[in-house]
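Single-structure report; data block below.
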Amino acid sequence: MDKILLDGAMGTRLLQAGMETGQLPEVWGMTHPEVLERIHREYVEAGAEIILADTFCANPLKLKGSGWEAEEVIQSNVRTAGKASGGRARVALDIGPLGKMMEPLGDMTFEEAYRAFARMVRAGAAAGADLVFIETMSDLSEARAAVLAAREHSALPVFVTMTFEKNGRTFSGTEAGAMAVTLDRLGVDALGVNCSLGPAEVRPVVERMLALTDKPLIVKPNAGLPDPETGRYNLDAAEFARQMAVYPALGVRYLGGCCGTGPEYISALRGLGQVAGRKAAARDVLCSKSRVVPLSGVRIIGERINPTGKKRFQQALREGDLDHIMARAVEQEEAGADVLDINVGLPGIDEKRTMEQVVRAVQSVTDLPVMIDSSSPEVIEAGLRAACGRAVINSVNGEEEKLRAILPLARRYGAAVVGLCLDEKGLPAGAEERLQIARRIVSRAAQEGLAPEDLLIDCLTMTAASAQSQAMETLRAVTRVRRELGTHACLGVSNISFGLPCREILTASFLTMAMYAGLDMPIVNPNRTEILDAVACFRALKGEDRGFESYTRRFALRRGQEQAAAAAPAPEERAEGLLGAVLRGMAGETERLTRALLEDTDPMEVVEKHLIPALDEVGDRYEKGTLFLPQLLSASSAAQRGFAAVKARMTESGRNETQKGPILLATVEGDIHDIGKNIVKVVLENYGYTVVDLGKDVPAERVALEAARLQAPMLGLSALMTTTVPAMEKTIRLVREKCPGCFILVGGAVLTPEHAARIGADAYAGDAKAAADAARRVLG
Amino acid sequence: MTLDLTAAARFLGCEWKALEEGERTKIARIGAEAERTLRFRLVSRLVKKTSSGGEGAALPGEDVKGLLKDAEEILFFCGTLGEESARWIRRRFLMDPAEGLIADACASALLEGALDEWERERTKAFRARGRFLTDRFSPGYGDLPLGVQREICALLETDRRLGVTLTESLMLLPEKTVTALMGVCPVPQPHRAFGEGGCVRCAAKEGCLFRQRGGYCHG
């Protein structure tokens, strides 16, 4: 196969041609078309078969304030490239990053990015570009937004390259293999690496991609490494070409240069050899943007992001409390989950919007691929658009209507899909009937271009207490599905023990049997020790865990811990111990001692005589400066565990807890520093107040609307920088109009009590303790 | 990268010496994790000084003019702990707010330490060539407006070279990021006590917590 040559650097060529530092290359190029045409022509004459138009930054965000619209710049510069090419080279619409960080860590939404890219793509296609070249991307989410925009607003081929560091990751943590899997499955036409480092240094990145995609690869690196002071790159054209020679030999088809390269570099690549054949890549994987999970051996799907039967989780979904949900995600990852199931189905909420938010929030704090779990195709699609990486759809079944709605989504977004062994006729009774349905799903999936390994067949666990023989039917079906159809098998196992005593033991035993039968993707609660123990034992005995390494790590410390936990506190130790436990921030110990006290003490007395005085003591010590902020936080978190134990006891005995609030919290618009606000939230919650956290960068209108809707008696606003204090003032003004009775408390590094009064706040709090004191004054 | 634990304690508003053993162990544990998890990256660019500031970035304000009085060139730079730092701190905070707070302080101390180390190294390298560096100065210090961030980021191409971007309200993302400049001069430079004197023209001086505690943001 012939190699295809791309062009080299544009920015440095423009600087050499007279552009000044600080000018936008796209605008300069547009206003100097003859120079631009010459640069393109030099590349074409050097042998470039694809040239990138001068449109890298021609997006509405970067052109803001330049006096030019993206469409004008793109039209002009694509045409100039076309003129220079004269039919000798294909012209690519060049798309670079938008220059803003994506949510939730940054302030650019996916939709904002998508819209900006869509404008570029439409303009590029209209101007006659032959393909879309998305390059120098650092964030895979942003690259995905660009790919979807390109695909949905033109019929042009799409090429994507990203810029990596020596460790094989981009600045935003995107891993080279994960990038290859994600973009391959999203259907791009070629992918690879540009910019980054020199040709020799990017080799591990390229090899990682070769292992995980069969798509044509692109290598367009810098001319070596830059001198830190002069910025000059260290490879000349001949050495660049010598280092590039390995790539056609590895099977890389598209070759070009980035920073520091010029026409002579491209010309030097002409002499490189033919493109060699490649080994087939491993395709049986899932991924997030930062981690590839090969589907070999048992992989644990965490089931805890699901509101079914979980009151606290339901409340979090209704209130938009993403922190609670993110904490459940991190907890499962730390416990050993490999994939996270996300289900946000709850009556009365906007499931589609919630799914998008939760998927993004979860992926912002974990490395795990996600499973989008919903009965609505619309919600599934929203989840798939939001999910970065290769996700799983949960689920289709044998019903034709379902298959027709869901399988095309799996193909379009490159997702794997769970197939439940049931259909219009309901739950099948035996293994054979399950297998028949599975067979139908596999064959329908094949029509949509999905391979057996893209499917996770769920043979369905029945409750053993009501249908004892079904346990073995399920297991027989698992074995046959794996052997005869070659798909993966997933199974929610906990249903097996419903209605029976010691459920955990039965569930863990069934899980072990199921894994032996071939189950490789159990859907479980990874926080249950016995479940993960069963998986650890199975992996060890099957030989997946070589040399019992993980097994030994997992169980080595277990015995000592169990013995320590078993020691019960003496009665006199309890009360004094509780104060000490709270003061030392020992959450587990606080909960244990509170429970012990509740054995013979009225719950309200435990609160008033023990927990509140302990918190008061903490507050006093903090004010005296003998206790510091992290300790205050630990102590109040520990006390909260005590309060939770009391609440649980009161609920058991039918007494209603009284909640005070709600207190609304927000970091004002334009401000993305939220650690101060988050600390206040933790402390207020631990003091027993209901807190509704609107998050960071919250527009004044939204704060006012929520305050009025909830009739919030108190609002806390935070702003860190002088630039955002006007936003705070505006928010206060609007809240005063919409919710006149609301007590407004403000805080943040640049504020003082005087300043707070001047912008119309009721009070100023210098720290979280002061905020809790203010809440006590207002709400009791 | 090595973390100065006493600096981390300072970011928490504590004296390292005044902390109990348990707290010290906790900070040291999280600090060690920060050293393992986080990576410091920096880009710099040396440009000629012009009448309005530096080539490619105008520098309005009296303070920076005074600082660069002797300078012939300006060394702009941006150092960051990257997006991973935001993620790491967030995770820590979600699992245990107290540990999150410590993680945040450790990251800040790590960033400061890394910048100091780079600055020392540069000072040495320039001195070998008979050149002298001024103190480090950042947008927002004194009367140098925060808006200068935009030009510095564009000049250094921080989005492409570091993954650092600016929000509409001129905040740097990821949060653990610093942009600054130093003048490169033919004559030795005094360490200007920006301290009390340097605060005079600062827009944020009124509510500044550093001042309330008796310190300075740049000291």
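By order in the structure tokens, chains are A, B, ...; within a chain, residues start at 1; ligands start at 1, following the order shown.
Residues surrounding Ala451 in chain A within 10 Å are Arg283, Asp284, Ala416, Val442, Ser443, Ala445, Ala446, Gln447, Glu448, Gly449, Glu453, Asp454, Leu455, Gly486 and Thr487 of chain A [only C-alpha atoms; sequence separation below 2 positions excluded].
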task: Please determine the contact residues of chain A with respect to chain B at a cut-off of 6 Å, counting only C-alpha atoms, and supply them as a list in words.
output: Thr21, Gly22, Gly99, Lys100, Phe171, Ser172, Ala327, Val365, Pro630, Leu633, Ser634, Gly670, Val750, Leu751 and Thr752 of chain A
message: Just list as a list of chain:residue names whatever in range 400-505 of chain A DSSP marks as strand (DSSP E).
response: A:Ala416, A:Val417, A:Val418, A:Gly419, A:Leu420, A:Leu455, A:Leu456, A:Ile457, A:Asp458, A:His488, A:Ala489, A:Cys490, A:Leu491, A:Gly492
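CA of Gly262 in chain A to CA of Gly18 in chain A spans 15.9 Å [interatomic distance, one decimal].
Using only C-alpha atoms, the residues found no farther than 9 Å from Asp139 in chain A, other than those of its own chain fewer than 5 positions away, are A:Pro97, A:Met101, A:Met102, A:Arg144, A:Met162, A:Thr170, A:Phe171, A:Ser172, A:Gly173, A:Thr174, A:Lys289, B:Gly163.
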message: Would you compute the distance between CA of Lys215 in chain A and CA of Ala387 in chain A? Give it in Å to one decimal.
response: 21.5 Å
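Straight-line separation from CA of Val91 in chain A to CA of Gln23 in chain A: 23.8 Å.
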